[in-house]
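One file, upload-v3.txt, is given below (compact mmCIF, C-alpha atoms).
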# COMPACT_ATOMS: atom_id res chain seq x y z
CA MET A 1 -15.89 38.05 -3.03
CA ASN A 2 -18.19 38.08 -6.02
CA LYS A 3 -20.04 35.05 -7.32
CA LEU A 4 -17.71 34.55 -10.28
CA THR A 5 -14.62 34.39 -8.04
CA LEU A 6 -16.39 32.00 -5.69
CA LEU A 7 -17.46 29.80 -8.60
CA THR A 8 -13.90 29.80 -10.00
CA LEU A 9 -12.49 28.79 -6.61
CA LEU A 10 -15.04 26.00 -6.28
CA ILE A 11 -14.21 24.67 -9.75
CA LEU A 12 -10.45 24.80 -8.98
CA CYS A 13 -11.03 22.93 -5.69
CA GLY A 14 -13.07 20.34 -7.59
CA ILE A 15 -10.30 19.86 -10.15
CA ILE A 16 -7.65 19.51 -7.41
CA VAL A 17 -9.75 17.01 -5.47
CA SER A 18 -10.58 14.96 -8.55
CA CYS A 19 -6.96 14.68 -9.70
CA ARG A 20 -5.58 11.26 -8.91
CA ASP A 21 -2.38 11.06 -6.89
CA GLU A 22 -0.56 9.20 -9.64
CA SER A 23 2.92 10.58 -9.08
CA ASP A 24 4.08 7.48 -7.19
CA LEU A 25 3.06 5.21 -10.04
CA ARG A 26 5.29 7.10 -12.45
CA LYS A 27 8.35 6.96 -10.22
CA SER A 28 11.04 4.34 -10.56
CA ILE A 29 11.09 2.08 -7.52
CA PHE A 30 14.46 0.38 -7.60
CA ILE A 31 14.65 -2.65 -5.31
CA ALA A 32 18.11 -4.12 -5.64
CA ASP A 33 18.56 -7.78 -6.47
CA GLU A 34 21.03 -9.06 -3.89
CA ASN A 35 22.01 -11.94 -6.12
CA LYS A 36 22.63 -9.77 -9.18
CA PRO A 37 24.58 -6.71 -8.02
CA GLY A 38 23.52 -3.53 -9.75
CA LEU A 39 20.26 -4.91 -11.13
CA PRO A 40 16.72 -4.42 -9.85
CA GLN A 41 14.77 -7.38 -8.53
CA TYR A 42 12.34 -8.95 -10.95
CA SER A 43 8.90 -7.58 -10.08
CA GLU A 44 5.40 -7.27 -11.51
CA TRP A 45 4.26 -4.10 -9.73
CA GLY A 46 4.97 -1.55 -12.46
CA TYR A 47 8.02 -0.22 -10.63
CA ASN A 48 9.32 1.35 -13.85
CA THR A 49 12.68 -0.31 -13.71
CA PHE A 50 14.73 -2.56 -15.93
CA GLY A 51 18.22 -3.87 -15.84
CA ALA A 52 20.64 -6.23 -17.56
CA TYR A 53 24.33 -6.93 -17.67
CA TYR A 54 25.87 -5.44 -20.79
CA ASP A 55 28.78 -7.80 -20.89
CA ARG A 56 29.69 -7.35 -17.20
CA ILE A 57 28.47 -3.77 -16.69
CA PRO A 58 24.95 -3.10 -15.33
CA PHE A 59 22.70 -1.31 -17.78
CA THR A 60 19.74 -0.09 -15.75
CA SER A 61 16.91 2.40 -15.64
CA GLU A 62 17.39 5.52 -13.57
CA SER A 63 14.94 7.85 -11.92
CA ALA A 64 15.25 10.91 -14.15
CA THR A 65 14.39 9.23 -17.45
CA THR A 66 11.26 7.36 -18.46
CA PRO A 67 12.62 3.81 -18.65
CA GLY A 68 10.10 2.18 -20.96
CA LYS A 69 8.06 3.35 -23.92
CA VAL A 70 6.13 1.66 -26.69
CA ASN A 71 6.29 3.10 -30.16
CA VAL A 72 3.99 1.92 -32.96
CA ASN A 73 5.07 3.21 -36.35
CA ASN A 74 3.50 1.98 -39.59
CA GLY A 75 2.33 -1.18 -37.89
CA ILE A 76 5.71 -1.95 -36.37
CA THR A 77 5.69 -2.09 -32.59
CA GLU A 78 8.88 -1.23 -30.74
CA LEU A 79 9.71 -1.54 -27.07
CA HIS A 80 12.16 1.17 -26.00
CA PHE A 81 14.32 0.87 -22.91
CA GLN A 82 16.30 3.93 -21.89
CA GLY A 83 18.78 3.91 -19.03
CA GLN A 84 22.41 4.19 -18.10
CA LYS A 85 25.48 2.04 -18.47
CA ASP A 86 28.64 3.10 -16.76
CA GLY A 87 27.27 6.63 -16.26
CA ARG A 88 26.33 7.09 -19.92
CA GLU A 89 22.90 7.03 -21.48
CA LEU A 90 22.08 3.90 -23.45
CA ARG A 91 19.03 2.83 -25.40
CA LEU A 92 17.82 -0.62 -26.31
CA ILE A 93 15.05 -0.90 -28.88
CA ILE A 94 13.41 -4.24 -29.66
CA THR A 95 10.64 -4.78 -32.20
CA VAL A 96 7.71 -6.86 -31.08
CA PRO A 97 6.19 -8.75 -34.03
CA GLY A 98 2.63 -9.98 -34.25
CA ILE A 99 0.95 -7.10 -32.47
CA ASN A 100 -0.38 -3.79 -33.77
CA PRO A 101 -1.95 -2.07 -30.76
CA ASP A 102 -4.25 0.92 -31.16
CA ALA A 103 -3.90 1.99 -27.54
CA TYR A 104 -1.83 1.08 -24.51
CA ASP A 105 -4.48 -1.27 -23.12
CA ASP A 106 -4.12 -3.52 -26.20
CA LEU A 107 -0.66 -4.45 -24.89
CA VAL A 108 -2.32 -6.98 -22.57
CA GLU A 109 -2.15 -9.27 -25.62
CA LEU A 110 1.55 -9.67 -24.85
CA HIS A 111 0.78 -11.67 -21.71
CA LYS A 112 2.88 -14.83 -21.64
CA THR A 113 4.51 -14.14 -25.00
CA THR A 114 8.02 -15.23 -25.89
CA ILE A 115 9.85 -13.60 -28.78
CA ASP A 116 12.85 -15.13 -30.50
CA LEU A 117 15.13 -12.15 -30.99
CA ALA A 118 17.15 -13.95 -33.66
CA SER A 119 14.16 -14.40 -35.99
CA ASP A 120 13.94 -12.46 -39.25
CA ASP A 121 10.96 -10.30 -38.26
CA VAL A 122 12.69 -8.90 -35.18
CA TYR A 123 15.34 -6.24 -35.06
CA VAL A 124 17.30 -4.87 -32.12
CA LEU A 125 18.99 -1.50 -31.91
CA ILE A 126 21.50 -0.57 -29.23
CA GLY A 127 23.34 2.68 -28.69
CA GLU A 128 23.41 6.11 -27.16
CA ALA A 129 21.57 8.99 -28.88
CA TYR A 130 21.32 7.16 -32.23
CA PRO A 131 21.16 3.40 -31.63
CA THR A 132 22.55 1.15 -34.31
CA LEU A 133 21.21 -2.12 -35.63
CA ALA A 134 22.62 -5.14 -33.86
CA HIS A 135 22.99 -8.54 -35.46
CA VAL A 136 21.34 -10.89 -32.98
CA LEU A 137 23.06 -14.23 -32.79
CA GLU A 138 20.62 -15.62 -30.25
CA GLY A 139 18.26 -14.27 -27.65
CA GLN A 140 14.81 -14.14 -26.15
CA LEU A 141 12.37 -11.52 -24.91
CA ILE A 142 9.76 -12.98 -22.56
CA PHE A 143 6.68 -11.07 -21.47
CA SER A 144 5.96 -13.05 -18.30
CA ARG A 145 3.01 -10.89 -17.46
CA ALA A 146 1.01 -8.08 -19.06
CA GLN A 147 -1.65 -6.68 -16.78
CA LEU A 148 -4.09 -3.84 -17.15
CA LEU A 149 -3.89 -1.76 -13.99
CA LEU A 150 -6.99 -0.10 -12.59
CA VAL A 151 -6.49 2.51 -9.88
CA ASP A 152 -9.65 3.20 -7.91
CA GLY A 153 -11.61 1.56 -10.70
CA THR A 154 -10.10 3.65 -13.52
CA PRO A 155 -7.69 2.21 -16.15
CA PHE A 156 -4.25 3.71 -15.61
CA GLU A 157 -1.62 1.70 -17.49
CA VAL A 158 -0.53 -1.71 -18.68
CA ILE A 159 2.29 -3.20 -16.64
CA LEU A 160 4.71 -5.19 -18.79
CA SER A 161 6.99 -7.47 -16.81
CA GLY A 162 9.44 -9.99 -18.14
CA ARG A 163 12.99 -11.01 -18.93
CA PHE A 164 15.40 -10.79 -21.83
CA GLU A 165 18.85 -11.87 -22.88
CA MET A 166 20.76 -11.90 -26.12
CA LYS A 167 24.12 -12.29 -27.78
CA VAL A 168 24.67 -9.75 -30.53
CA GLU A 169 27.27 -8.45 -32.88
CA LEU A 170 27.34 -4.67 -32.58
CA ASP A 171 29.66 -2.59 -34.77
CA GLY A 172 31.76 -5.67 -35.30
CA ASN A 173 32.03 -6.44 -31.58
CA PRO A 174 30.40 -9.37 -29.81
CA VAL A 175 28.24 -8.20 -26.91
CA SER A 176 26.34 -10.27 -24.39
CA ILE A 177 23.26 -8.86 -22.67
CA SER A 178 22.30 -11.16 -19.83
CA ASP A 179 19.96 -11.42 -16.81
CA GLY A 180 17.70 -8.77 -18.29
CA ARG A 181 14.46 -8.03 -16.44
CA PHE A 182 11.90 -5.29 -16.81
CA ASP A 183 8.81 -4.04 -15.02
CA VAL A 184 7.48 -0.95 -16.76
CA GLY A 185 4.12 0.78 -16.88
CA ILE A 186 2.93 1.81 -20.30
CA SER A 187 0.23 4.44 -20.10
CA LYS A 188 -1.22 6.99 -22.49
CA TYR A 189 1.89 9.09 -21.74
CA THR A 190 4.37 6.40 -22.76
CA PHE A 191 2.48 4.85 -25.68
CA PHE A 192 3.00 6.45 -29.07
CA LYS A 193 1.32 5.58 -32.33
CA TYR A 194 2.10 7.37 -35.60
CA MET B 1 -3.47 -36.69 45.21
CA LYS B 2 -1.02 -33.83 44.93
CA ILE B 3 -3.09 -32.40 42.08
CA LYS B 4 -6.15 -32.30 44.34
CA TYR B 5 -4.27 -30.26 46.95
CA TYR B 6 -2.98 -28.00 44.20
CA LEU B 7 -6.47 -27.39 42.82
CA ALA B 8 -7.81 -26.76 46.32
CA PHE B 9 -5.00 -24.28 46.88
CA LEU B 10 -5.82 -22.47 43.63
CA LEU B 11 -9.47 -22.20 44.66
CA LEU B 12 -8.73 -21.08 48.19
CA VAL B 13 -6.08 -18.50 47.37
CA PRO B 14 -8.47 -16.01 45.72
CA ILE B 15 -11.01 -16.42 48.52
CA GLY B 16 -8.37 -16.08 51.17
CA SER B 17 -6.80 -13.21 49.35
CA PHE B 18 -10.05 -11.33 48.99
CA ALA B 19 -10.33 -11.26 52.77
CA GLN B 20 -7.10 -9.28 52.82
CA PHE B 21 -7.83 -6.82 50.00
CA ASN B 22 -7.78 -3.47 51.55
CA TYR B 23 -8.88 -1.45 48.53
CA ILE B 24 -11.27 -1.82 45.66
CA GLY B 25 -11.58 0.80 42.99
CA VAL B 26 -11.69 1.82 39.40
CA ASP B 27 -8.93 2.88 37.09
CA ALA B 28 -8.63 4.23 33.58
CA GLY B 29 -5.83 5.41 31.38
CA SER B 30 -4.19 5.43 28.01
CA HIS B 31 -0.85 4.37 26.60
CA SER B 32 0.97 5.14 23.37
CA TYR B 33 3.49 2.84 21.75
CA HIS B 34 6.10 3.06 19.10
CA ALA B 35 4.89 0.72 16.37
CA SER B 36 5.45 -0.34 12.81
CA LEU B 37 3.00 -1.69 10.29
CA ARG B 38 3.36 -5.41 9.68
CA GLU B 39 4.60 -6.34 6.24
CA TYR B 40 1.71 -6.64 3.86
CA SER B 41 2.69 -7.97 0.48
CA ASN B 42 -0.27 -6.21 -1.13
CA ILE B 43 1.03 -2.73 -0.29
CA ARG B 44 3.02 -1.39 -3.23
CA ASN B 45 6.49 -0.18 -2.42
CA TYR B 46 6.88 3.57 -2.88
CA GLN B 47 10.52 4.36 -2.10
CA GLU B 48 11.83 6.23 -5.10
CA ALA B 49 15.07 5.10 -6.69
CA ASP B 50 17.80 7.54 -5.63
CA GLY B 51 15.28 9.20 -3.28
CA TRP B 52 16.91 11.82 -1.07
CA PHE B 53 14.49 11.48 1.79
CA GLU B 54 13.09 8.30 3.20
CA ASP B 55 9.33 8.39 2.98
CA GLY B 56 8.16 5.72 5.37
CA ILE B 57 4.93 4.71 6.99
CA ARG B 58 3.89 6.47 10.17
CA THR B 59 2.16 3.98 12.45
CA THR B 60 0.62 4.92 15.78
CA TYR B 61 -0.64 2.41 18.32
CA ASN B 62 -2.63 3.83 21.23
CA THR B 63 -4.57 2.01 23.90
CA ARG B 64 -7.32 3.09 26.30
CA PHE B 65 -8.73 1.13 29.17
CA ALA B 66 -11.03 1.34 32.14
CA GLY B 67 -12.06 -1.19 34.74
CA LEU B 68 -12.13 -2.45 38.29
CA ARG B 69 -9.15 -3.14 40.49
CA ILE B 70 -8.48 -4.67 43.84
CA GLU B 71 -5.41 -4.42 46.05
CA LEU B 72 -3.79 -6.92 48.35
CA PRO B 73 -1.06 -5.73 50.71
CA LEU B 74 1.76 -8.27 50.81
CA SER B 75 3.78 -6.43 53.45
CA GLN B 76 4.30 -2.94 54.80
CA ASN B 77 6.05 -1.96 51.54
CA PHE B 78 4.64 -4.23 48.86
CA VAL B 79 1.15 -4.21 47.40
CA LEU B 80 -0.19 -6.58 44.78
CA SER B 81 -3.10 -5.36 42.70
CA THR B 82 -5.12 -6.91 39.94
CA GLY B 83 -8.40 -6.27 38.19
CA LEU B 84 -10.49 -6.63 35.14
CA ARG B 85 -10.68 -3.97 32.45
CA PHE B 86 -12.08 -3.31 29.06
CA ALA B 87 -9.33 -2.09 26.74
CA GLU B 88 -9.27 -0.86 23.19
CA SER B 89 -6.31 -0.25 20.91
CA THR B 90 -6.33 1.92 17.82
CA THR B 91 -3.74 1.54 15.10
CA VAL B 92 -3.45 4.18 12.42
CA ALA B 93 -1.04 3.77 9.50
CA GLU B 94 -0.42 6.51 6.97
CA ARG B 95 2.42 7.80 4.82
CA ASP B 96 4.97 10.11 6.46
CA ASN B 97 4.06 12.53 3.72
CA ARG B 98 0.39 12.73 4.59
CA SER B 99 -0.58 14.11 1.21
CA LYS B 100 0.43 10.74 -0.28
CA SER B 101 -1.43 7.46 -0.34
CA PHE B 102 -0.73 3.75 -0.20
CA TYR B 103 -1.40 1.76 -3.32
CA TYR B 104 -3.00 -1.43 -2.13
CA LYS B 105 -3.38 -4.37 -4.50
CA PHE B 106 -6.99 -5.16 -3.79
CA ARG B 107 -7.55 -7.98 -6.26
CA GLU B 108 -6.03 -9.37 -9.40
CA THR B 109 -6.29 -11.88 -12.17
CA GLU B 110 -3.42 -12.75 -14.47
CA THR B 111 -4.09 -9.79 -16.77
CA LEU B 112 -6.09 -7.38 -14.60
CA THR B 113 -4.91 -5.78 -11.36
CA GLU B 114 -6.84 -3.37 -9.19
CA TYR B 115 -5.17 -0.93 -6.80
CA LEU B 116 -7.01 1.09 -4.22
CA GLN B 117 -5.48 4.33 -2.99
CA LEU B 118 -5.62 4.45 0.80
CA LYS B 119 -4.78 7.53 2.84
CA LYS B 120 -5.12 5.75 6.18
CA ILE B 121 -5.54 2.24 7.48
CA ILE B 122 -7.25 2.19 10.87
CA GLN B 123 -7.81 -0.82 13.10
CA ASP B 124 -9.53 -0.97 16.47
CA ASN B 125 -9.00 -4.07 18.61
CA ARG B 126 -10.98 -4.61 21.78
CA PHE B 127 -9.69 -6.69 24.67
CA ILE B 128 -10.43 -7.98 28.09
CA ASN B 129 -7.41 -6.77 30.02
CA VAL B 130 -6.15 -8.37 33.23
CA PRO B 131 -3.47 -6.27 34.96
CA ILE B 132 -1.18 -7.57 37.70
CA ASP B 133 0.85 -4.87 39.44
CA LEU B 134 3.45 -5.14 42.15
CA ARG B 135 3.93 -1.83 43.95
CA LEU B 136 6.81 -0.85 46.15
CA GLN B 137 5.90 1.83 48.65
CA PRO B 138 9.25 2.90 50.11
CA PHE B 139 7.76 5.31 52.66
CA MET B 140 5.38 4.91 55.58
CA PRO B 141 1.73 5.43 54.55
CA ARG B 142 0.62 9.04 54.82
CA ARG B 143 -1.69 11.44 52.97
CA PHE B 144 0.60 11.50 49.94
CA ASN B 145 2.06 8.15 49.08
CA MET B 146 4.58 7.71 46.35
CA TYR B 147 5.37 4.28 44.95
CA PHE B 148 7.14 2.41 42.20
CA VAL B 149 5.36 -0.20 40.17
CA LEU B 150 6.16 -3.22 38.06
CA GLY B 151 3.17 -4.21 35.95
CA PHE B 152 2.11 -7.02 33.69
CA GLU B 153 -1.04 -6.96 31.60
CA MET B 154 -2.67 -9.76 29.69
CA ASN B 155 -4.88 -8.76 26.76
CA PHE B 156 -7.44 -11.27 25.53
CA ASN B 157 -8.83 -10.25 22.18
CA VAL B 158 -12.60 -9.87 21.99
CA ASN B 159 -13.20 -8.38 18.56
CA HIS B 160 -11.87 -5.87 16.09
CA SER B 161 -12.98 -3.49 13.38
CA MET B 162 -11.24 -1.95 10.39
CA ASP B 163 -11.71 1.37 8.69
CA PHE B 164 -9.97 3.11 5.82
CA GLU B 165 -9.62 6.61 4.54
CA PHE B 166 -9.91 6.18 0.80
CA TYR B 167 -8.38 8.65 -1.62
CA ASP B 168 -11.53 8.30 -3.69
CA ARG B 169 -14.44 8.20 -1.26
CA SER B 170 -16.61 6.28 -3.70
CA MET B 171 -14.30 3.29 -3.08
CA ARG B 172 -15.82 2.86 0.41
CA VAL B 173 -18.08 0.25 -1.18
CA TYR B 174 -15.05 -2.07 -0.94
CA LYS B 175 -14.50 -1.43 2.79
CA THR B 176 -15.84 -4.79 3.97
CA ALA B 177 -14.02 -6.82 1.32
CA LEU B 178 -10.82 -4.93 2.06
CA SER B 179 -11.18 -5.36 5.84
CA ASN B 180 -11.08 -9.12 5.42
CA GLN B 181 -7.57 -8.86 3.96
CA PHE B 182 -6.04 -7.52 7.20
CA ASP B 183 -5.14 -9.40 10.38
CA SER B 184 -7.04 -8.95 13.59
CA ALA B 185 -5.20 -9.23 16.87
CA LYS B 186 -4.55 -12.83 17.86
CA PRO B 187 -6.10 -14.17 21.06
CA PHE B 188 -3.42 -13.00 23.44
CA HIS B 189 -0.67 -10.48 23.88
CA GLY B 190 0.84 -8.89 26.95
CA ILE B 191 2.45 -5.73 28.25
CA ILE B 192 5.22 -5.36 30.81
CA SER B 193 5.73 -1.93 32.32
CA VAL B 194 7.58 -0.14 35.03
CA GLY B 195 6.73 3.22 36.44
CA THR B 196 6.04 5.43 39.35
CA GLY B 197 2.94 7.01 40.82
CA PHE B 198 1.27 8.48 43.80
CA ALA B 199 -1.94 8.14 45.78
CA VAL B 200 -3.52 10.98 47.69
CA GLY B 201 -5.72 10.32 50.72
CA LYS B 202 -5.45 9.21 54.31
CA PRO B 203 -4.45 5.57 54.80
CA GLY B 204 -7.57 3.46 55.09
CA LYS B 205 -9.71 6.18 53.45
CA PRO B 206 -10.73 6.67 49.81
CA GLN B 207 -7.76 7.65 47.68
CA VAL B 208 -7.14 8.97 44.21
CA GLY B 209 -3.91 8.71 42.33
CA MET B 210 -1.99 8.47 39.14
CA ASP B 211 0.62 6.15 37.61
CA LEU B 212 3.15 7.10 35.00
CA ARG B 213 4.11 3.92 33.17
CA PHE B 214 7.32 4.30 31.26
CA PRO B 215 8.71 2.37 29.64
CA ALA B 216 6.19 -0.29 28.72
CA TRP B 217 7.00 -3.17 26.41
CA VAL B 218 4.58 -5.22 24.37
CA VAL B 219 5.08 -8.97 24.66
CA ALA B 220 4.14 -11.17 21.68
CA ASN B 221 3.75 -7.96 19.68
CA ASP B 222 3.10 -9.84 16.44
CA ASN B 223 -0.25 -10.76 17.99
CA ALA B 224 -1.41 -7.15 18.25
CA GLY B 225 -3.15 -6.83 14.86
CA ILE B 226 -1.91 -4.92 11.83
CA ALA B 227 0.79 -3.16 13.87
CA GLU B 228 3.79 -4.47 15.74
CA PRO B 229 3.99 -2.19 18.78
CA THR B 230 7.27 -2.31 20.66
CA SER B 231 7.62 0.11 23.54
CA GLY B 232 5.90 3.15 24.90
CA GLY B 233 4.24 4.41 27.99
CA GLY B 234 1.31 6.29 29.38
CA LEU B 235 -0.73 7.51 32.28
CA GLN B 236 -3.43 5.87 34.31
CA PHE B 237 -5.65 7.28 37.02
CA PHE B 238 -7.48 5.51 39.80
CA PHE B 239 -9.94 5.95 42.58
CA LYS B 240 -9.94 3.33 45.33
CA HIS B 241 -12.07 2.75 48.37
CA PRO B 242 -10.99 0.78 51.44
CA LEU B 243 -12.58 -2.58 52.04
CA LYS B 244 -10.93 -2.83 55.47
CA THR B 245 -9.51 0.05 57.44
CA ASN B 246 -7.35 -1.82 59.88
CA LEU B 247 -4.05 -1.64 58.01

Exercise: express the given structure as C-alpha cells:
Amino acid sequence: MNKLTLLTLLILCGIIVSCRDESDLRKSIFIADENKPGLPQYSEWGYNTFGAYYDRIPFTSESATTPGKVNVNNGITELHFQGQKDGRELRLIITVPGINPDAYDDLVELHKTTIDLASDDVYVLIGEAYPTLAHVLEGQLIFSRAQLLLVDGTPFEVILSGRFEMKVELDGNPVSISDGRFDVGISKYTFFKY
Amino acid sequence: MKIKYYLAFLLLVPIGSFAQFNYIGVDAGSHSYHASLREYSNIRNYQEADGWFEDGIRTTYNTRFAGLRIELPLSQNFVLSTGLRFAESTTVAERDNRSKSFYYKFRETETLTEYLQLKKIIQDNRFINVPIDLRLQPFMPRRFNMYFVLGFEMNFNVNHSMDFEFYDRSMRVYKTALSNQFDSAKPFHGIISVGTGFAVGKPGKPQVGMDLRFPAWVVANDNAGIAEPTSGGGLQFFFKHPLKTNL
C-alpha cells in the first residue's frame, strides 16, 4: 500500500468519523395522540410531524416527505406543511408576517408569536400540487416555542412547535381546519431564501 | 418485659447459632438479568413513523459478588447459610442498532436546547450484599453432594458511578454534569432465587462447589438504578472449610 493510498484511507476514515449521526433528527417520529385519533401528540422535540383535522379527516405528515419547510421569497416568509389527507398529498402554506430571516437560526424570533390568520397581511394556500388561495374567515397560528437546537455543541436546526386552526372558504366551500399542531425542525436543508 | 426477652433472644440466636455452624468459606459469582432502562424524559424518542422494525434500547444488567459465608445445619437435609459480600452491578444501555446513538436533552432554556449524542450509558452500583440461603440436601452426605437452594439476597447500596460513551469524544467534559441527571440505586433492593448446585469433598472436610441460580427475580427493581432488572440467573462458586467435624 503506497503512501497516497494510506493517506486517502486516513482522510476517508476522518470524514466518516467526523460526520454527525443526524439521520434520526430528520426522521418523523409520530407519537399518536390518544385523545385526537389520527393526529400526533403535541411535542417540542423536533419530531418532524404535524397534524390537523381537515373537516373531520386527519391531515398529517408522513415519513417519506419533508413535513415542514420555510420559504423566504422577496421578503415574504412562508411556512409550508406537506402531508397526506385521506391517502392524497396535501399542502398548507401560511405566510408569516413581520419576519424576514436571513438564515434558519433567525426563526427563533418566532418564539411565543401568535398570528391572526384572518388579517390582511396573511394569506393561506391549501391544495394538492398547486395550492389555491383560501379566504380565511377566522384562525390563528401560534408558535408556542422556537428553539435553536445544538447537537454536541454545534447548531443543527430551529425547532418550531405550535398550534393552528382556521375556518376558510376554499373554492367556494367552507372548510374547517381544527386541532392543528406542529413540531418541525427547520435546518439549512429545509430553509430556502430567494 | 416481653420486649426485653425478645431482644435477648435476638442477641443470643447469632451466638448460639455460630456454635453450630459447621462450615465457613468464601463464595463468588455473577448473575445476569433481563432489564429495561427506566423512562427518562430527557431521552429523545427515536421510533420512526411507519418504521418496519422496532429499534429499541438494549439494556444489560450484570452483577458480580464475592464474600464470606457461614453455614448452619438445621437438620439432616436442610442447611441455612448466610454471609457478607461485596457486590457490584453494571448497567449498560445502548440502541439495538449499535451504530445509532441516543439524543439526550442535556440542558435547555426557552429558546436554546442542547442535545448530546450518547452511544452508551453505563452505571456501576456497589452494594453490601447479605445472602440468606436455604438448601435442601435430599441425599445422605457423601463426596459429591447435590442440593436445591432457595435464596434471598439483600443489597444495601454503598455508592455508584456513571460513565458514557459519547458520539463526539470532546463532549466528555460534560460527563460529571450529565452523571448528576441519572438516578443511583436507592438504599435497598433484593433478589429471590431458586437453583441447584453441588459440593465436592468428604463430609466434615473442606469442600468446593457451584450453584446454578435460575431463575432469580429482583425485588423492588425500581430501586436498582437506571435499569429495572426483572429476572435472570447466574453461577456462583464457593470454597468452605469445616468449623466442626462432628456432623

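Within 7 Å of chain A, and using all atoms listed in the file, the residues found on chain B are Tyr46, Gln47, Glu48, Ala49, Asp50, Glu110, Thr111, Leu112, Thr113, Glu114, Tyr115, Leu116, Gln117, Asp168 and Met171 of chain B.
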
For Arg181 in chain A, find every residue with an atom within 8 Å (counting only C-alpha atoms), except residues of its own chain fewer than 5 positions away, and show them as a list in words. Pro40, Gln41, Tyr42, Phe50, Gly51, Ala52, Ser161, Gly162, Arg163 and Phe164 of chain A

Would you kindly identify which residues have an atom no farther than 7 Å from (-3.9, 4.1, 15.7), using all atoms listed in the file and the file's own coordinates, and write them out as a CSV table (one decimal) with C-alpha atoms, in the coordinates of the input?
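Once written, part_5.csv looks like this:
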chain,number,residue,atom,x,y,z
B,59,THR,CA,2.2,4.0,12.4
B,60,THR,CA,0.6,4.9,15.8
B,61,TYR,CA,-0.6,2.4,18.3
B,62,ASN,CA,-2.6,3.8,21.2
B,90,THR,CA,-6.3,1.9,17.8
B,91,THR,CA,-3.7,1.5,15.1
B,92,VAL,CA,-3.4,4.2,12.4
B,93,ALA,CA,-1.0,3.8,9.5
B,122,ILE,CA,-7.2,2.2,10.9
B,123,GLN,CA,-7.8,-0.8,13.1

Near Ala35 in chain B, within 8 Å and counting all atoms listed in the file, which residues show up once chain neighbours fewer than 2 positions away are dropped, as a PyMOL selection string? chain B and resi 33+37+59-61+227-231

Hey, could you pull the box centre and edge lengths for range 162-177 of chain B, axis-aligned, 8 Å padding per side, all listed atoms, to one decimal in Å, as lines of an AutoDock Vina configuration file?
center_x = -13.2
center_y = 0.9
center_z = 3.3
size_x = 25.7
size_y = 31.5
size_z = 30.1

What are the closest atom pairs, with distances in Å to one decimal, for all residues of range 58-141 of chain B lying within 10 Å of range 198-218 of chain B? Consider all atoms listed in the file, order rows by chain and residue number, and present the result as CSV.
residue,atom,partner,partner_atom,distance
B:Gln137,CA,B:Phe198,CA,9.4
B:Met140,CA,B:Pro203,CA,9.9
B:Pro141,CA,B:Pro203,CA,6.2

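Residues lying within 6 Å of Glu157 in chain A, counting only C-alpha atoms and ignoring same-chain neighbours fewer than 5 positions away, are Leu149, Gly185, Ile186 and Ser187 of chain A.
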
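From CA of Ile99 in chain A back to CA of Leu170 in chain A, the distance works out to 26.5 Å.
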
Could you add the missing atoms to range 232-243 of chain B, up to N, CA and C atoms, and return them as a compact mmCIF listing (two decimals), in the coordinates of the input?
# COMPACT_ATOMS: atom_id res chain seq x y z
N GLY B 232 6.58 1.86 24.76
CA GLY B 232 5.90 3.15 24.90
C GLY B 232 5.65 3.44 26.35
N GLY B 233 4.56 4.08 26.61
CA GLY B 233 4.24 4.41 27.99
C GLY B 233 2.92 5.16 28.06
N GLY B 234 2.55 5.56 29.26
CA GLY B 234 1.31 6.29 29.38
C GLY B 234 0.94 6.59 30.82
N LEU B 235 -0.23 7.12 30.96
CA LEU B 235 -0.73 7.51 32.28
C LEU B 235 -1.97 6.71 32.61
N GLN B 236 -2.16 6.46 33.89
CA GLN B 236 -3.43 5.87 34.31
C GLN B 236 -3.83 6.46 35.67
N PHE B 237 -5.11 6.64 35.83
CA PHE B 237 -5.65 7.28 37.02
C PHE B 237 -6.54 6.29 37.76
N PHE B 238 -6.63 6.45 39.06
CA PHE B 238 -7.48 5.51 39.80
C PHE B 238 -8.17 6.21 40.97
N PHE B 239 -9.26 5.61 41.34
CA PHE B 239 -9.94 5.95 42.58
C PHE B 239 -10.13 4.62 43.30
N LYS B 240 -9.79 4.59 44.60
CA LYS B 240 -9.94 3.33 45.33
C LYS B 240 -10.58 3.60 46.69
N HIS B 241 -11.32 2.62 47.11
CA HIS B 241 -12.07 2.75 48.37
C HIS B 241 -11.64 1.60 49.26
N PRO B 242 -11.45 1.86 50.56
CA PRO B 242 -10.99 0.78 51.44
C PRO B 242 -12.08 -0.26 51.69
N LEU B 243 -11.66 -1.52 51.63
CA LEU B 243 -12.58 -2.58 52.04
C LEU B 243 -12.43 -2.83 53.54
